[in-house]
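Source file: target.cif (mmCIF, C-alpha atoms)
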data_entry
#
loop_
_atom_site.label_atom_id
_atom_site.label_comp_id
_atom_site.auth_asym_id
_atom_site.auth_seq_id
_atom_site.Cartn_x
_atom_site.Cartn_y
_atom_site.Cartn_z
CA MET D 1 77.97 67.82 79.71
CA THR D 2 78.49 68.97 83.29
CA LYS D 3 78.50 72.73 83.70
CA GLN D 4 81.84 74.19 84.75
CA ARG D 5 81.14 75.71 88.14
CA LYS D 6 82.79 79.03 88.97
CA ALA D 7 83.71 80.64 92.25
CA VAL D 8 85.12 84.01 93.19
CA SER D 9 87.60 84.08 96.05
CA LEU D 10 88.21 87.05 98.34
CA ILE D 11 91.97 87.44 98.10
CA SER D 12 93.59 89.56 100.78
CA GLY D 13 97.14 88.56 99.90
CA GLY D 14 97.60 86.50 103.07
CA LEU D 15 98.05 82.80 103.56
CA ASP D 16 94.47 81.86 104.41
CA SER D 17 92.89 83.10 101.20
CA LEU D 18 95.75 81.53 99.24
CA LEU D 19 95.03 78.13 100.80
CA ALA D 20 91.24 78.38 100.66
CA THR D 21 91.44 79.12 96.95
CA LYS D 22 93.88 76.30 96.32
CA VAL D 23 91.58 73.81 98.10
CA ILE D 24 88.76 74.73 95.72
CA LEU D 25 90.95 74.85 92.60
CA GLU D 26 92.05 71.30 93.44
CA GLN D 27 88.41 70.26 93.14
CA GLY D 28 88.22 71.40 89.53
CA ILE D 29 86.31 74.63 90.15
CA HIS D 30 87.14 77.65 87.98
CA VAL D 31 88.20 80.32 90.48
CA GLU D 32 88.91 84.01 89.98
CA GLY D 33 90.11 86.33 92.72
CA ILE D 34 88.62 89.56 93.92
CA ASN D 35 90.35 92.14 96.09
CA PHE D 36 88.64 95.20 97.51
CA PHE D 37 90.59 98.42 98.00
CA THR D 38 89.10 100.43 100.87
CA GLY D 39 91.89 103.00 101.13
CA PHE D 40 92.96 101.52 104.47
CA CYS D 41 94.72 98.48 103.05
CA VAL D 42 98.30 98.26 104.27
CA GLU D 43 99.71 96.88 100.99
CA GLY D 44 103.03 98.70 100.80
CA HIS D 45 101.84 102.31 100.81
CA THR D 46 104.28 103.60 103.36
CA HIS D 47 107.01 101.55 101.74
CA ALA D 48 106.28 103.38 98.52
CA ILE D 49 106.52 106.72 100.28
CA ARG D 50 109.49 106.42 102.60
CA LYS D 51 112.88 106.64 100.96
CA LYS D 52 114.54 104.46 103.59
CA ASP D 53 112.20 101.64 102.57
CA LYS D 54 112.88 101.99 98.85
CA ALA D 55 115.36 99.12 98.84
CA LYS D 56 112.72 96.71 100.17
CA PRO D 57 111.05 94.64 97.48
CA LYS D 58 107.59 95.95 96.78
CA ARG D 59 104.82 93.72 95.66
CA ASN D 60 101.10 93.67 95.95
CA ASN D 61 100.48 90.45 97.84
CA ALA D 62 97.00 89.93 96.38
CA LEU D 63 98.48 90.03 92.85
CA TRP D 64 101.30 87.79 93.96
CA VAL D 65 98.87 85.23 95.45
CA ALA D 66 96.80 85.26 92.26
CA GLU D 67 99.93 84.64 90.24
CA GLN D 68 100.96 81.74 92.46
CA LEU D 69 97.52 80.22 92.00
CA GLY D 70 97.38 80.96 88.27
CA ILE D 71 94.06 82.79 88.56
CA LYS D 72 92.77 86.17 87.43
CA LEU D 73 92.46 88.91 90.02
CA HIS D 74 89.95 91.74 89.94
CA ILE D 75 90.91 94.69 92.16
CA ILE D 76 87.88 96.77 92.98
CA ASP D 77 87.91 100.35 94.25
CA VAL D 78 85.32 100.54 97.06
CA ILE D 79 86.66 103.69 98.73
CA GLU D 80 83.42 105.65 98.48
CA GLU D 81 81.07 102.84 99.49
CA TYR D 82 83.36 101.84 102.34
CA LYS D 83 82.83 105.18 104.08
CA ASP D 84 79.43 104.07 105.32
CA VAL D 85 80.94 100.84 106.68
CA LEU D 86 83.54 102.75 108.66
CA LEU D 87 81.36 105.64 109.75
CA ASN D 88 78.22 103.70 110.68
CA PRO D 89 79.15 100.14 111.59
CA LYS D 90 76.07 98.24 112.72
CA HIS D 91 78.21 95.91 114.81
CA GLY D 92 80.53 98.59 116.16
CA TYR D 93 84.30 98.72 116.23
CA GLY D 94 86.94 96.29 117.40
CA GLN D 95 89.84 97.28 119.61
CA HIS D 96 90.52 100.40 117.53
CA MET D 97 88.57 101.91 114.61
CA ASN D 98 88.27 98.54 112.86
CA PRO D 99 84.69 97.66 111.93
CA CYS D 100 85.76 94.09 111.09
CA LEU D 101 82.37 92.37 111.16
CA ASP D 102 80.64 95.00 109.06
CA CYS D 103 83.67 95.09 106.77
CA LYS D 104 83.58 91.36 106.09
CA GLY D 105 79.83 91.48 105.51
CA PHE D 106 80.30 94.38 103.11
CA MET D 107 83.00 92.58 101.14
CA VAL D 108 80.99 89.38 100.84
CA ARG D 109 77.98 91.45 99.70
CA LYS D 110 80.14 93.13 97.04
CA ALA D 111 81.40 89.71 95.99
CA LEU D 112 77.79 88.53 95.74
CA GLU D 113 76.95 91.45 93.45
CA TRP D 114 80.00 90.54 91.38
CA ILE D 115 79.10 86.84 90.98
CA GLU D 116 75.54 87.72 90.04
CA LYS D 117 76.79 90.14 87.39
CA ASN D 118 79.42 87.75 86.06
CA ASP D 119 77.44 84.49 86.23
CA PHE D 120 79.56 82.80 88.89
CA ASP D 121 78.13 80.25 91.30
CA PHE D 122 79.57 80.84 94.75
CA ILE D 123 82.00 82.77 96.96
CA ILE D 124 85.05 81.54 98.87
CA THR D 125 86.79 83.21 101.79
CA GLY D 126 89.82 82.18 103.81
CA GLU D 127 88.03 82.66 107.13
CA VAL D 128 88.92 80.37 110.01
CA ILE D 129 86.71 79.99 113.08
CA GLY D 130 88.26 81.63 116.12
CA GLN D 131 91.07 83.32 114.26
CA ARG D 132 89.91 86.91 114.65
CA PRO D 133 88.21 88.19 117.79
CA MET D 134 85.48 90.10 115.96
CA SER D 135 84.72 88.77 112.50
CA GLN D 136 85.95 85.18 112.61
CA ARG D 137 84.01 83.60 115.46
CA LYS D 138 81.54 80.75 115.27
CA GLU D 139 78.70 83.12 116.24
CA THR D 140 79.59 85.78 113.68
CA MET D 141 80.15 83.59 110.64
CA PRO D 142 76.39 83.05 110.09
CA VAL D 143 75.88 86.80 110.58
CA ILE D 144 78.20 87.54 107.65
CA ALA D 145 76.48 84.95 105.46
CA ARG D 146 73.03 86.27 106.36
CA GLU D 147 73.62 90.02 106.31
CA SER D 148 75.63 89.96 103.09
CA GLY D 149 72.79 88.12 101.38
CA ALA D 150 75.20 85.39 100.23
CA GLY D 151 73.62 82.78 102.51
CA ASP D 152 74.66 79.26 101.53
CA ARG D 153 76.59 80.51 98.51
CA LEU D 154 79.38 81.49 100.90
CA LEU D 155 81.90 78.69 101.42
CA ARG D 156 84.78 78.78 103.90
CA PRO D 157 86.95 75.85 102.81
CA LEU D 158 89.43 76.10 105.70
CA CYS D 159 86.80 75.49 108.39
CA ALA D 160 83.86 74.09 106.41
CA GLN D 161 83.82 70.90 108.49
CA PHE D 162 82.57 72.95 111.44
CA LEU D 163 79.90 74.84 109.50
CA PRO D 164 76.51 73.91 108.02
CA GLU D 165 76.55 72.47 104.52
CA THR D 166 76.59 75.12 101.80
CA LEU D 167 75.09 75.11 98.30
CA PRO D 168 78.28 74.00 96.47
CA GLU D 169 78.65 71.08 98.91
CA ARG D 170 75.00 70.10 98.75
CA GLU D 171 74.96 70.22 94.96
CA GLY D 172 78.14 68.15 94.78
CA TRP D 173 80.15 70.87 93.02
CA VAL D 174 82.73 70.41 95.74
CA ASN D 175 83.37 67.50 98.09
CA ARG D 176 82.74 68.43 101.72
CA GLU D 177 85.08 65.65 102.86
CA GLU D 178 87.97 67.45 101.20
CA MET D 179 87.26 70.65 103.10
CA LEU D 180 89.19 71.41 106.27
CA ASP D 181 88.64 71.74 109.98
CA PHE D 182 90.98 74.56 110.98
CA SER D 183 90.12 76.65 114.02
CA GLY D 184 91.71 79.08 116.41
CA ARG D 185 94.74 81.31 116.17
CA ASN D 186 97.29 78.54 115.76
CA ARG D 187 98.86 78.97 112.32
CA LYS D 188 100.61 75.60 112.23
CA PRO D 189 97.88 73.78 110.24
CA GLN D 190 97.98 76.52 107.60
CA MET D 191 101.77 76.42 107.45
CA SER D 192 101.70 72.68 107.11
CA LEU D 193 99.14 72.82 104.30
CA ALA D 194 101.18 75.53 102.56
CA GLU D 195 104.17 73.22 102.66
CA GLU D 196 102.08 70.38 101.29
CA TYR D 197 101.05 72.57 98.35
CA GLY D 198 104.62 73.80 97.86
CA PHE D 199 103.99 77.43 98.86
CA LYS D 200 107.18 78.62 100.49
CA ASP D 201 106.96 82.39 100.30
CA TYR D 202 103.77 83.97 101.58
CA ALA D 203 102.81 87.15 103.43
CA THR D 204 102.25 86.99 107.16
CA PRO D 205 101.21 90.52 108.09
CA ALA D 206 101.11 91.05 111.85
CA GLY D 207 97.78 92.52 112.93
CA GLY D 208 96.12 91.95 109.58
CA CYS D 209 96.16 93.94 106.38
CA CYS D 210 94.22 97.02 107.46
CA PHE D 211 95.44 100.29 108.98
CA LEU D 212 92.24 100.52 111.03
CA THR D 213 93.54 97.78 113.33
CA ASP D 214 96.54 100.00 114.13
CA LYS D 215 96.29 102.02 117.37
CA ASN D 216 98.32 105.02 116.20
CA TYR D 217 96.54 105.24 112.88
CA SER D 218 93.12 105.02 114.54
CA GLU D 219 94.04 107.80 116.96
CA LYS D 220 95.03 110.05 114.06
CA LEU D 221 91.76 109.31 112.32
CA VAL D 222 89.71 110.13 115.43
CA ASP D 223 91.72 113.32 115.95
CA MET D 224 91.00 114.37 112.37
CA TRP D 225 87.25 113.86 112.78
CA LYS D 226 87.21 115.57 116.16
CA HIS D 227 88.75 118.72 114.73
CA ARG D 228 86.58 118.85 111.63
CA SER D 229 82.90 119.54 111.51
CA SER D 230 82.11 116.06 110.19
CA ARG D 231 83.36 112.47 110.33
CA ASP D 232 83.67 112.33 106.57
CA TYR D 233 86.98 111.78 104.74
CA GLU D 234 88.54 111.69 101.30
CA LEU D 235 91.24 109.32 100.05
CA ASP D 236 93.89 112.04 100.42
CA ASP D 237 92.96 112.49 104.09
CA ILE D 238 93.45 108.85 104.93
CA MET D 239 96.67 108.64 102.90
CA LEU D 240 98.13 111.63 104.75
CA LEU D 241 97.42 109.96 108.09
CA LYS D 242 99.99 107.34 107.08
CA VAL D 243 102.73 109.87 106.40
CA GLY D 244 104.92 112.10 108.55
CA ARG D 245 104.91 113.34 112.11
CA HIS D 246 101.52 114.80 113.06
CA ILE D 247 101.59 117.64 115.57
CA ARG D 248 98.54 119.61 116.71
CA PRO D 249 99.74 122.61 118.73
CA ARG D 250 96.32 124.24 118.74
CA ASP D 251 92.81 122.99 118.12
CA ASN D 252 92.46 124.93 114.86
CA PHE D 253 95.43 123.43 113.01
CA LYS D 254 97.61 120.38 112.67
CA MET D 255 101.08 120.16 111.14
CA ILE D 256 102.19 117.21 109.02
CA ILE D 257 105.99 117.18 109.14
CA ALA D 258 107.99 115.01 106.74
CA ARG D 259 110.39 112.72 108.61
CA GLU D 260 112.65 112.06 105.65
CA GLU D 261 113.18 112.83 101.98
CA GLY D 262 110.68 110.34 100.59
CA GLU D 263 107.92 111.70 102.79
CA GLY D 264 108.95 115.25 101.86
CA LYS D 265 108.50 114.45 98.16
CA PHE D 266 105.16 112.84 98.85
CA LEU D 267 103.93 115.86 100.82
CA GLU D 268 105.12 118.18 98.03
CA GLY D 269 102.37 116.65 95.93
CA TYR D 270 99.85 118.33 98.25
CA ARG D 271 101.31 121.84 97.98
CA LYS D 272 98.30 123.21 96.13
CA GLN D 273 95.81 121.81 98.65
CA PHE D 274 97.47 122.93 101.90
CA ILE D 275 99.26 125.94 103.31
CA HIS D 276 102.83 124.69 103.51
CA MET D 277 106.05 125.74 105.18
CA ILE D 278 109.73 125.04 104.70
CA CYS D 279 112.96 126.41 106.20
CA LYS D 280 114.80 128.70 103.78
CA SER D 281 117.92 129.56 105.78
CA HIS D 282 118.68 125.94 106.72
CA SER D 283 117.70 122.51 105.46
CA GLY D 284 114.46 121.31 106.91
CA PRO D 285 111.39 119.22 106.32
CA MET D 286 108.39 119.89 104.12
CA VAL D 287 105.44 120.74 106.37
CA LEU D 288 101.74 120.90 105.52
CA ILE D 289 99.29 122.87 107.64
CA ASP D 290 95.86 121.27 107.98
CA GLY D 291 93.37 123.84 109.27
CA GLU D 292 92.78 127.57 109.31
CA ILE D 293 95.48 129.71 110.83
CA ASP D 294 96.07 133.36 111.76
CA ALA D 295 99.30 135.34 112.10
CA ASP D 296 99.94 134.12 115.65
CA ASP D 297 99.45 130.52 114.57
CA ILE D 298 101.85 131.08 111.65
CA ASN D 299 104.51 132.25 114.06
CA LEU D 300 104.14 129.22 116.34
CA ALA D 301 104.03 126.85 113.36
CA ALA D 302 107.19 128.44 111.93
CA GLN D 303 108.97 127.96 115.28
CA ILE D 304 108.01 124.28 115.20
CA VAL D 305 109.14 123.95 111.56
CA ALA D 306 112.48 125.48 112.57
CA ARG D 307 112.74 123.05 115.47
CA TYR D 308 112.65 120.09 113.08
CA GLY D 309 115.27 121.50 110.69
CA GLN D 310 119.04 121.79 110.72
CA GLY D 311 118.75 125.25 112.23
CA ARG D 312 117.21 123.97 115.45
CA ASN D 313 120.07 125.45 117.51
CA ALA D 314 120.34 128.72 115.55
CA ASP D 315 119.22 132.04 117.02
CA SER D 316 117.08 132.81 114.02
CA VAL D 317 115.66 130.73 111.17
CA GLU D 318 113.88 131.92 108.02
CA VAL D 319 110.73 129.95 107.27
CA GLU D 320 108.83 130.39 104.04
CA VAL D 321 105.06 130.11 104.18
CA THR D 322 103.07 129.50 101.00
CA TYR D 323 99.34 130.19 101.19
CA LEU D 324 96.60 128.53 99.19
CA ASN D 325 96.43 131.49 96.76
CA GLY D 326 100.14 131.02 96.00
CA GLU D 327 101.26 134.09 97.96
CA GLN D 328 104.44 133.60 99.93
CA GLU D 329 105.70 135.13 103.14
CA SER D 330 109.02 134.79 104.92
CA VAL D 331 108.93 134.56 108.70
CA SER D 332 111.95 134.94 110.94
CA VAL D 333 111.70 132.90 114.13
CA THR D 334 113.64 131.39 116.98
CA PRO D 335 113.24 127.59 116.87
CA LEU D 336 111.00 126.25 119.60
CA PRO D 337 113.08 124.35 122.17
CA ALA D 338 112.44 120.61 122.26
CA ASP D 339 110.93 120.78 125.73
CA LYS D 340 108.35 123.28 124.54
CA ILE D 341 106.92 120.80 122.02
CA GLU D 342 104.29 119.40 124.34
CA LEU D 343 103.76 115.67 124.38
CA ALA D 344 100.02 116.19 124.03
CA TRP D 345 100.61 117.94 120.68
CA HIS D 346 101.79 114.69 119.11
CA VAL D 347 98.83 113.02 117.46
CA MET P 1 90.38 98.72 62.48
CA ALA P 2 93.15 101.02 63.70
CA ARG P 3 94.79 100.30 67.01
CA ILE P 4 93.74 102.64 69.80
CA GLU P 5 96.51 104.34 71.82
CA LYS P 6 95.19 105.47 75.18
CA GLU P 7 97.02 107.23 78.01
CA ILE P 8 96.19 107.48 81.70
CA ASP P 9 97.72 109.71 84.35
CA ALA P 10 98.36 107.77 87.57
CA ARG P 11 100.91 110.22 89.00
CA ARG P 12 100.86 110.55 92.80
CA LEU P 13 98.56 107.57 93.15
CA LEU P 14 99.83 104.81 95.37
CA CYS P 15 99.38 101.15 94.55
CA PRO P 16 96.97 99.57 94.03
CA MET P 17 95.25 102.66 92.57
CA PRO P 18 97.46 102.75 89.42
CA VAL P 19 96.63 99.07 88.88
CA ILE P 20 92.91 99.76 89.32
CA ARG P 21 93.11 102.66 86.84
CA THR P 22 94.98 100.39 84.41
CA GLN P 23 92.40 97.62 84.85
CA ASP P 24 89.50 100.03 84.27
CA ALA P 25 91.14 101.56 81.18
CA VAL P 26 91.99 98.16 79.69
CA ALA P 27 88.35 97.07 80.16
CA GLU P 28 87.37 99.73 77.63
CA LEU P 29 89.95 98.68 75.03
CA LYS P 30 90.11 95.75 72.66
CA ALA P 31 92.81 93.18 71.93
CA GLY P 32 95.88 94.78 70.35
CA ASP P 33 95.19 98.30 71.66
CA HIS P 34 97.89 100.06 73.62
CA LEU P 35 97.62 101.76 76.98
CA LYS P 36 100.28 104.13 78.33
CA VAL P 37 100.31 104.52 82.12
CA ILE P 38 102.28 107.37 83.69
CA ALA P 39 102.89 106.82 87.39
CA THR P 40 105.16 107.88 90.22
CA ASP P 41 104.76 105.04 92.75
CA PRO P 42 107.76 102.71 92.22
CA GLY P 43 105.46 99.81 93.13
CA VAL P 44 103.90 99.97 89.65
CA LYS P 45 106.97 98.47 88.01
CA ASN P 46 106.11 95.21 89.80
CA ASP P 47 102.36 95.46 90.18
CA ILE P 48 101.30 96.41 86.65
CA PRO P 49 103.43 93.67 85.02
CA ALA P 50 102.04 91.17 87.59
CA TRP P 51 98.49 92.27 86.83
CA CYS P 52 99.21 91.95 83.09
CA ARG P 53 100.68 88.45 83.47
CA ILE P 54 97.66 87.07 85.34
CA ASN P 55 95.16 88.74 83.05
CA GLY P 56 96.77 87.92 79.70
CA HIS P 57 98.12 91.34 78.68
CA THR P 58 101.65 92.20 77.56
CA ILE P 59 104.09 94.81 78.77
CA VAL P 60 105.52 96.57 75.71
CA SER P 61 107.94 98.82 77.57
CA ILE P 62 108.84 100.34 80.92
CA GLU P 63 110.67 103.67 80.90
CA TYR P 64 111.94 105.86 83.71
CA VAL P 65 111.86 109.61 83.10
CA ASP P 66 112.99 111.63 86.12
CA ASP P 67 110.71 110.45 88.92
CA GLU P 68 108.09 109.06 86.57
CA ILE P 69 107.56 105.51 85.41
CA ILE P 70 105.95 105.09 82.00
CA ILE P 71 104.53 101.67 81.27
CA LYS P 72 103.07 100.68 77.93
CA VAL P 73 100.63 97.76 77.91
CA GLU P 74 99.29 95.84 74.92
CA VAL P 75 95.81 94.53 75.61
CA GLY P 76 95.44 90.76 75.24
CA SER P 77 92.47 88.90 73.86
#

Show the structure stored in the file as structure tokens.
Amino acid sequence: MTKQRKAVSLISGGLDSLLATKVILEQGIHVEGINFFTGFCVEGHTHAIRKKDKAKPKRNNALWVAEQLGIKLHIIDVIEEYKDVLLNPKHGYGQHMNPCLDCKGFMVRKALEWIEKNDFDFIITGEVIGQRPMSQRKETMPVIARESGAGDRLLRPLCAQFLPETLPEREGWVNREEMLDFSGRNRKPQMSLAEEYGFKDYATPAGGCCFLTDKNYSEKLVDMWKHRSSRDYELDDIMLLKVGRHIRPRDNFKMIIAREEGEGKFLEGYRKQFIHMICKSHSGPMVLIDGEIDADDINLAAQIVARYGQGRNADSVEVEVTYLNGEQESVSVTPLPADKIELAWHV
Amino acid sequence: MARIEKEIDARRLLCPMPVIRTQDAVAELKAGDHLKVIATDPGVKNDIPAWCRINGHTIVSIEYVDDEIIIKVEVGS
């Protein structure tokens, strides 16, 4: 009896991995999905936080793709291991803080570890030659295969026609002739194939599925590292970079100011970890203070807090400060005029 | 053997972390055991049932208590 061959597919939640997996499923291979959570994945976090977005349907696209395909999905927390990828990328960064080539190599290596542990035969990705400027180029595809250790056990069904034969093709587990020849940034071939397979509703995230490709997010990350003694981070740090208005009036502290109720509730969850401030005499946002501050800093921060509350035009506003030891202090300030909030303070 | 009732606290975690915690907890249980997940991210009411459907587990109940979502899962075989 012929052995049932098994593949694991890197599922991002986008169209390419959906199609690549479908191509292989159609060839009778048992496929299961794998999705790595780095902490920087876009997947609906800010939607979950912001109240104004609460009406939007929330779904994890990787789970949704797996359900459409009728396959299992394993979501793996790689937050800790991913730090080294982000902090020390061998191949450097892309346009922002995105270490795409190292990231892809890392994920394929983790998938390789997974298939070896679970007795699977090969790995599938939805990569397409020429689609991404850093990780999906003809020159970099062999780099990923080589540096991940996956070698010829890495199959890219959407552009396999352009690539050297892999183990599953050579062994006849899959038919190379049924693989595809997609290339470049044109999405029409993928859309056409999706239609052929009957997939009508799929995610098309602009700029990919990672916050590290976002200019504003990357700037906040760099600012955080610059003002700390190390480039390290924890999950909470990178989550907080996605939330609120970030203002750094002085080098020694940054303020994270909720922009609406949902963000305020989210920031409340960090009350025990940060000095926090809130207007008492008027309604106003929840504000976390990241850094060490003295009395003069407290006064300036309170003026900024007052500026973003309903008392912005009042002569005096009461701001309550809660310190890390739980002690509270009430500060009476005049709100800082809008033109005194320097542009350079906005991170 | 008696059914195990396990509970995990996924409050303040944003998806997919509650799903990952659910997945890891279920891996340590056997068919028929129950897992109670307490979360605050509204995304869990879609994501945990979706994860259960594709992995052969059953949602027993979903309750909303104040800002918390309590999901009970029965582990499949």

| request: Would you mind listing what lies within 6 Å of segment 10-25 of chain P as JSON, numbers by chain, with only C-alpha atoms counted and same-chain residues fewer than 5 positions away left out? | output: {"P": [38, 39, 40, 41, 48]}

Could you please take those selected residues and save C-alpha atoms as a PDB file, keeping the file's coordinate frame?
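The result, written out as selection-v2.pdb:
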ATOM      1  CA  ILE P  38     102.280 107.370  83.690  1.00  0.00           C
ATOM      2  CA  ALA P  39     102.890 106.820  87.390  1.00  0.00           C
ATOM      3  CA  THR P  40     105.160 107.880  90.220  1.00  0.00           C
ATOM      4  CA  ASP P  41     104.760 105.040  92.750  1.00  0.00           C
ATOM      5  CA  ILE P  48     101.300  96.410  86.650  1.00  0.00           C
TER       6      ILE P  48
END

With all atoms listed in the file counted and 6 Å as the cut-off, give the residues of chain P in contact with chain D, each with its shortest interatomic distance in Å and the pair that gives it, as a Markdown table.
| residue | atom | partner | partner_atom | distance |
| --- | --- | --- | --- | --- |
| P:Gly43 | CA | D:Lys58 | CA | 5.7 |
| P:Ile54 | CA | D:Lys72 | CA | 5.4 |
| P:Asn55 | CA | D:Lys72 | CA | 5.6 |

Report as an mmCIF file with C-alpha atoms, keeping the file's coordinate frame all protein, DNA and RNA residues lying within 7 Å of Leu212 of chain D, evaluated on all atoms listed in the file, omitting residues in the same chain fewer than 5 positions from it.
data_model
loop_
_atom_site.group_PDB
_atom_site.id
_atom_site.type_symbol
_atom_site.label_atom_id
_atom_site.label_comp_id
_atom_site.auth_asym_id
_atom_site.auth_seq_id
_atom_site.Cartn_x
_atom_site.Cartn_y
_atom_site.Cartn_z
ATOM 1 C CA PHE D 40 92.960 101.520 104.470
ATOM 2 C CA HIS D 96 90.520 100.400 117.530
ATOM 3 C CA MET D 97 88.570 101.910 114.610
ATOM 4 C CA ASN D 98 88.270 98.540 112.860
ATOM 5 C CA TYR D 217 96.540 105.240 112.880
ATOM 6 C CA SER D 218 93.120 105.020 114.540
#

| said: Evaluate the PyMOL selection byres ((chain P and resi 1) around 12) against this structure - the residues, as a list in words, please. | reply: Ala2, Arg3, Ile4, Lys30, Ala31, Gly32 and Asp33 of chain P

Could you tell me which residues the PyMOL selection byres ((chain D and resi 138-141) around 12) grabs in this file, written as a PDB file with C-alpha atoms, in the frame of the given file?
ATOM      1  CA  HIS D  91      78.210  95.910 114.810  1.00  0.00           C
ATOM      2  CA  CYS D 100      85.760  94.090 111.090  1.00  0.00           C
ATOM      3  CA  LEU D 101      82.370  92.370 111.160  1.00  0.00           C
ATOM      4  CA  ASP D 102      80.640  95.000 109.060  1.00  0.00           C
ATOM      5  CA  LYS D 104      83.580  91.360 106.090  1.00  0.00           C
ATOM      6  CA  GLY D 105      79.830  91.480 105.510  1.00  0.00           C
ATOM      7  CA  VAL D 108      80.990  89.380 100.840  1.00  0.00           C
ATOM      8  CA  THR D 125      86.790  83.210 101.790  1.00  0.00           C
ATOM      9  CA  GLY D 126      89.820  82.180 103.810  1.00  0.00           C
ATOM     10  CA  GLU D 127      88.030  82.660 107.130  1.00  0.00           C
ATOM     11  CA  VAL D 128      88.920  80.370 110.010  1.00  0.00           C
ATOM     12  CA  ILE D 129      86.710  79.990 113.080  1.00  0.00           C
ATOM     13  CA  GLY D 130      88.260  81.630 116.120  1.00  0.00           C
ATOM     14  CA  GLN D 131      91.070  83.320 114.260  1.00  0.00           C
ATOM     15  CA  ARG D 132      89.910  86.910 114.650  1.00  0.00           C
ATOM     16  CA  PRO D 133      88.210  88.190 117.790  1.00  0.00           C
ATOM     17  CA  MET D 134      85.480  90.100 115.960  1.00  0.00           C
ATOM     18  CA  SER D 135      84.720  88.770 112.500  1.00  0.00           C
ATOM     19  CA  GLN D 136      85.950  85.180 112.610  1.00  0.00           C
ATOM     20  CA  ARG D 137      84.010  83.600 115.460  1.00  0.00           C
ATOM     21  CA  PRO D 142      76.390  83.050 110.090  1.00  0.00           C
ATOM     22  CA  VAL D 143      75.880  86.800 110.580  1.00  0.00           C
ATOM     23  CA  ILE D 144      78.200  87.540 107.650  1.00  0.00           C
ATOM     24  CA  ALA D 145      76.480  84.950 105.460  1.00  0.00           C
ATOM     25  CA  ARG D 146      73.030  86.270 106.360  1.00  0.00           C
ATOM     26  CA  GLU D 147      73.620  90.020 106.310  1.00  0.00           C
ATOM     27  CA  SER D 148      75.630  89.960 103.090  1.00  0.00           C
ATOM     28  CA  ALA D 150      75.200  85.390 100.230  1.00  0.00           C
ATOM     29  CA  GLY D 151      73.620  82.780 102.510  1.00  0.00           C
ATOM     30  CA  ASP D 152      74.660  79.260 101.530  1.00  0.00           C
ATOM     31  CA  LEU D 154      79.380  81.490 100.900  1.00  0.00           C
ATOM     32  CA  LEU D 155      81.900  78.690 101.420  1.00  0.00           C
ATOM     33  CA  ARG D 156      84.780  78.780 103.900  1.00  0.00           C
ATOM     34  CA  CYS D 159      86.800  75.490 108.390  1.00  0.00           C
ATOM     35  CA  ALA D 160      83.860  74.090 106.410  1.00  0.00           C
ATOM     36  CA  PHE D 162      82.570  72.950 111.440  1.00  0.00           C
ATOM     37  CA  LEU D 163      79.900  74.840 109.500  1.00  0.00           C
ATOM     38  CA  PRO D 164      76.510  73.910 108.020  1.00  0.00           C
ATOM     39  CA  SER D 183      90.120  76.650 114.020  1.00  0.00           C
ATOM     40  CA  GLY D 184      91.710  79.080 116.410  1.00  0.00           C
TER      41      GLY D 184
END

| query | What is the atom CA of Ala295 of chain D-atom CA of Lys280 of chain D distance in Å, reported with one decimal? | reply | 18.8 Å

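The shortest atom-to-atom distance to Glu63 of chain P, with only C-alpha atoms taken into account, belongs to P:Val37 out of P:Val26, P:Ala50, P:Val75, P:Val37.
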
| task | Excluding segment 299-315 of chain D and any residue of its chain fewer than 6 positions from it, enumerate the residues within 8 Å of it, using only C-alpha atoms, and give them as a PyMOL selection string. | result | chain D and resi 255+257+277-279+281-285+287+331+333-338+341

Just write the chosen residues, C-alpha atoms, as a PDB file, in the frame of the given file.
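Final file, result_21.pdb:
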ATOM      1  CA  MET D 255     101.080 120.160 111.140  1.00  0.00           C
ATOM      2  CA  ILE D 257     105.990 117.180 109.140  1.00  0.00           C
ATOM      3  CA  MET D 277     106.050 125.740 105.180  1.00  0.00           C
ATOM      4  CA  ILE D 278     109.730 125.040 104.700  1.00  0.00           C
ATOM      5  CA  CYS D 279     112.960 126.410 106.200  1.00  0.00           C
ATOM      6  CA  SER D 281     117.920 129.560 105.780  1.00  0.00           C
ATOM      7  CA  HIS D 282     118.680 125.940 106.720  1.00  0.00           C
ATOM      8  CA  SER D 283     117.700 122.510 105.460  1.00  0.00           C
ATOM      9  CA  GLY D 284     114.460 121.310 106.910  1.00  0.00           C
ATOM     10  CA  PRO D 285     111.390 119.220 106.320  1.00  0.00           C
ATOM     11  CA  VAL D 287     105.440 120.740 106.370  1.00  0.00           C
ATOM     12  CA  VAL D 331     108.930 134.560 108.700  1.00  0.00           C
ATOM     13  CA  VAL D 333     111.700 132.900 114.130  1.00  0.00           C
ATOM     14  CA  THR D 334     113.640 131.390 116.980  1.00  0.00           C
ATOM     15  CA  PRO D 335     113.240 127.590 116.870  1.00  0.00           C
ATOM     16  CA  LEU D 336     111.000 126.250 119.600  1.00  0.00           C
ATOM     17  CA  PRO D 337     113.080 124.350 122.170  1.00  0.00           C
ATOM     18  CA  ALA D 338     112.440 120.610 122.260  1.00  0.00           C
ATOM     19  CA  ILE D 341     106.920 120.800 122.020  1.00  0.00           C
TER      20      ILE D 341
END

| Nearest candidate to His34 of chain P (options P:Val60, P:Ile70, P:Cys52, P:Val65; using all atoms listed in the file) | P:Val60

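We find atom CA of Leu324 of chain D and atom CA of Asp290 of chain D to be spaced 11.4 Å apart.
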
Output as JSON the centre and edge lengths (Å, one decimal) of the box along x, y and z of the file that holds every listed atom of segment 16-33 of chain P after adding 3 Å on each side.
{"center_x": 92.4, "center_y": 98.0, "center_z": 82.2, "size_x": 16.1, "size_y": 15.6, "size_z": 29.7}
